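Below is one structure, written out as structure tokens, with a few remarks after it.
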Amino acid sequence: KNQVEQSPQSLIILEGKNCTLQCNYTVSPFSNLRWYKQDTGRGPVSLTIMTFSENTKSNGRYTATLDADTKQSSLHITASQLSDSASYICVVSAGDMRFGAGTRLTVKP
Amino acid sequence: DTAVSQTPKYLVTQMGNDKSIKCEQNLGHDTMYWYKQDSKKFLKIMFSYNNKELIINETVPNRFSPKSPDKAHLNLHINSLELGDSAVYFCASSQDLGTGPLSVQYFGPGTRLTVT
């Protein structure tokens, strides 16, 4: 069983709408949590990185939250754009790095 | 201007062959990595290399070997290729191996390996 679970597996939204992606983890001990965006046919690009003491971090229209007590993180995308269509991968570091399977987001006009 | 580059972008080869994938980073980073992304899109770390110290994921077959001629390069050699090796391989680099902002990884564009 993967120690980093992401939901939903895929999501379709209309341009301009907001959405929230979830990441639950069981990895312990915890060092930091990262969100990556991976466009089709490209390598992942880092969006945010948070340590256990940080609750929220923003990068433009992307806002990540972290609850280290419940071991949950979310990535909120505001005012979605067509270019947000990609896979979003949650990565938890605990000595080594554990990757979630990603959420495939499709933004439609 | 490419930060992390890989060659080739596509590689099609037959079972049993030996092949290499090259990776170069021009970011001045101290740590480089190789990842495998399978058909289910899971990214799995294969190797990390920092200051001549190699950390190997124990699940990686010894047919895979990274070679670093200098700090800017980490090439991946694969011997006796098998069908299950078909995947996308990503190279990445970071300033260090820690957990702070400097450990943010920059990924290359990937190499799609197909073994027939």
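Labeling convention for the structure tokens: chains A, B, ... as they appear, residues from 1 per chain, ligands from 1 in order of appearance.
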
Exercise for the section: Specify as a VMD selection string all residues of chain A found within 12 Å of chain B, counting only C-alpha atoms. Expected result: chain A and resid 2 4 to 6 9 30 to 52 87 to 104

Residues at most 12 Å from Gly16 (chain A), counting only C-alpha atoms, excluding those fewer than 3 positions away in the same chain, as a tab-separated table (two decimals) with N, CA, C and O atoms, in the first residue's frame?
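Listed below is the output, around.tsv:
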chain	number	residue	atom	x	y	z
A	13	ILE	N	-12.68	20.27	-14.50
A	13	ILE	CA	-13.37	21.49	-14.07
A	13	ILE	C	-13.41	22.47	-15.23
A	13	ILE	O	-12.67	22.34	-16.21
A	19	CYS	N	-10.56	24.62	-7.45
A	19	CYS	CA	-10.59	23.19	-7.11
A	19	CYS	C	-9.58	22.92	-6.01
A	19	CYS	O	-8.66	23.72	-5.76
A	61	ARG	N	-1.52	31.35	-7.91
A	61	ARG	CA	-2.89	30.86	-7.72
A	61	ARG	C	-2.93	29.51	-6.99
A	61	ARG	O	-4.00	28.95	-6.78
A	77	ILE	N	-6.40	25.37	-6.08
A	77	ILE	CA	-6.10	26.14	-7.28
A	77	ILE	C	-7.25	27.13	-7.49
A	77	ILE	O	-8.42	26.73	-7.57
A	78	THR	N	-6.90	28.37	-7.55
A	78	THR	CA	-7.88	29.44	-7.69
A	78	THR	C	-7.97	29.92	-9.13
A	78	THR	O	-6.95	30.02	-9.82
A	79	ALA	N	-9.19	30.20	-9.56
A	79	ALA	CA	-9.41	30.76	-10.91
A	79	ALA	C	-8.65	29.98	-11.95
A	79	ALA	O	-7.75	30.51	-12.63
A	80	SER	N	-8.98	28.72	-12.10
A	80	SER	CA	-8.22	27.81	-12.96
A	80	SER	C	-8.10	28.32	-14.40
A	80	SER	O	-8.99	29.01	-14.92
A	81	GLN	N	-6.98	27.96	-14.99
A	81	GLN	CA	-6.71	28.30	-16.38
A	81	GLN	C	-6.46	27.02	-17.16
A	81	GLN	O	-6.15	25.98	-16.58
A	82	LEU	N	-6.60	27.11	-18.46
A	82	LEU	CA	-6.40	25.92	-19.31
A	82	LEU	C	-5.01	25.33	-19.08
A	82	LEU	O	-4.83	24.11	-19.11
A	83	SER	N	-4.04	26.19	-18.80
A	83	SER	CA	-2.67	25.72	-18.61
A	83	SER	C	-2.47	24.98	-17.29
A	83	SER	O	-1.40	24.41	-17.04
A	84	ASP	N	-3.50	24.99	-16.44
A	84	ASP	CA	-3.41	24.22	-15.19
A	84	ASP	C	-3.64	22.73	-15.44
A	84	ASP	O	-3.42	21.92	-14.53
A	107	VAL	N	-8.70	21.10	-17.22
A	107	VAL	CA	-9.47	22.33	-17.20
A	107	VAL	C	-10.03	22.55	-18.60
A	107	VAL	O	-9.26	22.62	-19.57
A	108	LYS	N	-11.35	22.65	-18.67
A	108	LYS	CA	-12.00	22.80	-19.97
A	108	LYS	C	-12.53	24.22	-20.15
A	108	LYS	O	-12.94	24.85	-19.17
A	109	PRO	N	-12.53	24.71	-21.40
A	109	PRO	CA	-13.03	26.07	-21.63
A	109	PRO	C	-14.53	26.14	-21.49
A	109	PRO	O	-15.24	25.14	-21.56

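Distance-wise, CA of Ser85 (chain A) and CA of Ser39 (chain B) end up 19.1 Å apart.
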
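For chain B, backbone-based DSSP labels the following residues as helix (DSSP H, G or I): Leu83, Gly84, Asp85, Pro101, Leu102 and Ser103 of chain B.
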
Practice task
Write down as a PyMOL selection string the residues belonging to chain B that are assigned strand (DSSP E) by DSSP computed on the backbone.
Solution key: chain B and resi 4-7+10-13+19-25+31-37+43-50+53-56+64-67+75-78+87-94+106-107+111-115

Handout entry: Test item: residues at most 8 Å from Asn55 (chain A), only C-alpha atoms, excluding those fewer than 6 positions along its chain, as a list in words
Key = Thr65, Leu66 and Asp67 of chain A

Completion exercise
From the list B:Glu24, B:Asp30, B:Asp96, B:Asp85, the nearest residue to Val115 (chain B) using only C-alpha atoms is B:Asp85

Practice task
One decimal, Å: what's the distance from CA of Thr106 (chain A) over to CA of Lys17 (chain A), could you say?
Solution key: 11.6 Å

Practice task
Would you mind reading off the distance between CA of Gln22 (chain A) and CA of Ser10 (chain A), one decimal, in Å?
Solution key: 11.3 Å

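The residue that comes closest to Lys19 (chain B), out of B:Ser80, B:Thr59, B:Thr116, B:Ser86 and on the basis of only C-alpha atoms, is B:Ser80.
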
Exercise for the section: Do a neighbour search on region 73-76 of chain B at 12 Å with only C-alpha atoms, toss out local chain neighbours closer than 4 positions, and write the hits as a PyMOL selection string. Expected result: chain B and resi 3-8+18-36+46-52+54+62-69+89-93+108+111

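The closest residue to Met15 (chain B), picked from B:Ile78, B:Ile56, B:Leu113, B:Leu83 and counting only C-alpha atoms, is B:Leu83.
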